[in-house]
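Read through the structure below, which is laid out as structure tokens, and then see the notes.
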Amino acid sequence: MGLLAILAQFSTSFGWQSLALLFLIAVTVTLTSYAVYNLYFHPVAKFPGPWYAGISELFYSYTIISGSAHLTLKALHDKYGEVVRVAPGELSFCSATSWKDIYGQRKSGNVFTKDPRFLRTDETLRAPHLVSTLSVEEHNEAKKLLSHAFSPKNLLDQEDTILRYVNMSMAAMTEESRKGPLDLKQWYNWVTFDVLGELCFGEPFGSVEARKTSEWVATILNMVIFVSYSCAISHISLSLEKFVWILSPPSVRKAALNHITKSRAKIQARMDRGEGPRKDFCSYIFELREQMGLNEWHMTSYSNTLIIAGSETTATAMSTLTYWLCRTPRVYEKLKQEIRGRFKTSSEINSMAATFPYLTAVISEIMRLVPPMPFGTPRVVPEGGETVDGTWVPGGTFVSCHAYCSSRSAKYFKNPDSFDPERWLDPECTDNLSASNPFLLGWGACLGQNMAMMEMRILIAKSVFLFDFALADEEDRSWEKMKNYILWEKPALWVRVTAREGVC
Ligand code: HEM
């Protein structure tokens with residue numbers, strides 16, 4: 001007899017209410033057994049953490065899309081210590097050693113591979129790219145080819161492009177600042193996106209020139225929020241994740257779709273144009289196509305990732321730095337003295353000239369205080385288990401280090417919530433600076449970190465040389481309460497910008 005026939009007979013004999021009750025009891029027993037197993041018998045049950053995180057994936061999934069993952073995880077580490085069980089099979093680590101153990105090269109040669117639930121892929125709209133490629137071999141192959149785009153020779157070409165857009169934006173800022181306060185968040189976004197547009201597709205997005213955010217760029221944060229929904233849903237169940245397009249909020253879904261469609265059109269236009277006199281990132285992606293058999297969707301994904309990874313992060317670092325300089329006059333004054341005492345005109349400023357210890361310390365400190373990518377990339381402990389920060393962790397466990405948690409830890413940094421670049425220069429400082437890893441480390445570390453450092457050095461040195469900045473609203477603390485969806489959702493940054501007299 002089939003199941004339906006049994007149910008029909010049961011309902012005829014005992015009534016539908018009894019059948020519903022039976023169903024309810026079965027569901028309750030299953031869920032309770034699942035929770036009890038997770039709480040007491042799961043291989044990572046012995047690790048500290050709140051009971052509600054240990055019984056199901058719901059708590060951590062919600063944390064990912066809550067916008068306050070950085071605060072929730074920091075509070076958990078403050079309460080439970082350097083390792084916290086954040087979901088049934090998932091541990092968050094917060095220590096300098098765990099960064100090396102999880103992401104670095106291990107003596108055993110074992111590799112902690114990427115978590116397949118973090119960046120879900122398919123063969124079209126969400127085709128795999130460098131960051132989401134799970135196979136270490138494929139990742140290495142792609143990275144080897146793409147790293148040519150970041151070679152010392154190409155870095156010089158990149159510097160020309162950066163200088164051009166920074167100079168253009170400084171001239172435009174001089175003009176616009178006479179009309180009233182400027183939203184510098186937008187200005188930094190315009191520069192970093194135009195630079196990436198030119199380096200990636202051989203043409204800028206035209207934002208600096210138009211002094212307006214391009215529609216494509218405006219949808220990027222929604223694209224990242226969509227990724228965090230996908231990540232949260234796949235934590236609950238990989239099969240549920242197939243419905244991410246239905247389960248995510250309509251506005252986020254619409255913007256993500258719009259973004260992907262526009263990216264696809266962009267890569268198609270670049271393919272139609274063919275190679276120009278100078279190689280751009282797409283030239284390397286097209287080489288990957290031949291070597292690794294990529295299709296148009298894969299190439300769209302690769303270029304899109306370079307744009308998002310390279311511009312949103314740098315713009316965040318610049319905006320947060322401006323905010324914290326305005327809030328910390330002691331540091332701002334010292335930086336002004338260092339920069340204004342060094343150069344007579346802004347044309348003397350380039351990445352080499354802007355390489356001096358105080359500026360480097362300021363950049364390191366802002367990325368410690370507000371890591372542009374605060375969410376920890378999860379990894380999988382290899383079969384057989386491994387040791388992380390002196391603790392044995394069973395194979396198959398998901399592990400991560402969240403940049404915000406370790407870089408704001410009082411165990412590693414004195415006054416962790418203050419903006420204090422001196423800690424990077426003072427030989428007597430007892431802080432453990434290796435707990436701050438804004439570019440990640442190991443085989444998945446940021447490929448564009450030299451370019452990012454170059455862009456930030458030039459932008460900071462030129463803007464501090466040419467302008468005086470003051471927050472338009474001294475009371476506004478929204479920059480200290482930003483929401484985080486893998487990347488930060490940045491509020492407006494209204495600043496009174498005054499061009500210095502007699503300086504050009
Ligand atoms: C302040 C600026 C930047 C910060 C803080 C930053 C941070 C990071 C982090 C944390 C990752 C690891 C992501 C993960 O595995 O989940 C990463 C990867 C990456 N970043 Fe950056 N990034 C910055 C700027 C740039 C720039 C300017 C580029 C150039 C286009 C770039 C290109 C990349 C690429 C290609 C990867 C993937 C590396 C791989 O998977 O092997 N980033 N970045």
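Numbering starts fresh at 1 for the residues of each chain in the structure tokens, the chains themselves are lettered A, B, ... in the order given, and ligands are numbered from 1 as they appear.
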
* **Given 6 Å and only C-alpha atoms and all ligand atoms, residues near ligand 1 as a list in words** => Leu130, Val131, Lys143, Leu306, Ala309, Gly310, Thr313, Thr314, Ala317, Pro372, Met373, Thr377, Pro438, Phe439, Leu440, Gly444, Ala445, Cys446, Leu447, Gly448, Gln449, Met451 and Ala452 of chain A

* Find the residues near A:Thr261: any atom within 12 Å, counting only C-alpha atoms, skip ones fewer than 2 places away on the same chain, and give them as a PyMOL selection string. => chain A and resi 124-126+216+219+223+254-259+263-268+296-297+300-301+304

Go ahead and save the residues from that selection, with C-alpha atoms, as a CSV table (one decimal), in the first residue's frame.
chain,number,residue,atom,x,y,z
A,124,THR,CA,25.2,31.6,-16.1
A,125,LEU,CA,24.3,34.6,-13.9
A,126,ARG,CA,26.6,33.6,-11.1
A,216,TRP,CA,25.8,50.4,-12.9
A,219,THR,CA,23.8,48.7,-7.9
A,223,MET,CA,24.8,42.9,-5.6
A,254,LYS,CA,16.2,43.4,-9.1
A,255,ALA,CA,19.4,45.5,-8.6
A,256,ALA,CA,21.6,42.3,-8.6
A,257,LEU,CA,20.0,41.2,-11.9
A,258,ASN,CA,20.4,44.6,-13.4
A,259,HIS,CA,24.0,44.7,-12.3
A,263,SER,CA,28.3,43.7,-16.7
A,264,ARG,CA,27.6,41.2,-19.4
A,265,ALA,CA,26.9,44.0,-21.9
A,266,LYS,CA,30.1,45.7,-20.8
A,267,ILE,CA,32.2,42.6,-21.4
A,268,GLN,CA,30.5,42.0,-24.8
A,296,GLU,CA,31.0,34.8,-21.7
A,297,TRP,CA,29.3,34.3,-18.3
A,300,THR,CA,31.5,38.6,-16.9
A,301,SER,CA,32.0,37.2,-13.4
A,304,ASN,CA,32.8,42.1,-12.2

* Asked: Can you tell me how far atom CA of A:Ser234 sits from atom CA of A:Asp115, in Å to one decimal?
  -> 10.8 Å

* Could you check which of A:Thr320, A:Ile25, A:Ile460, A:Gly276 is closest to A:Lys481, using only C-alpha atoms? =>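 Ranked by minimum distance to A:Lys481, first place goes to A:Thr320.
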
* To do: Go through A:Cys401, A:Leu71, A:Val497, A:Met454 and flag the residue nearest A:Glu480, using only C-alpha atoms for the distances.
  =>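 Under the stated criterion, the closest residue is A:Leu71.
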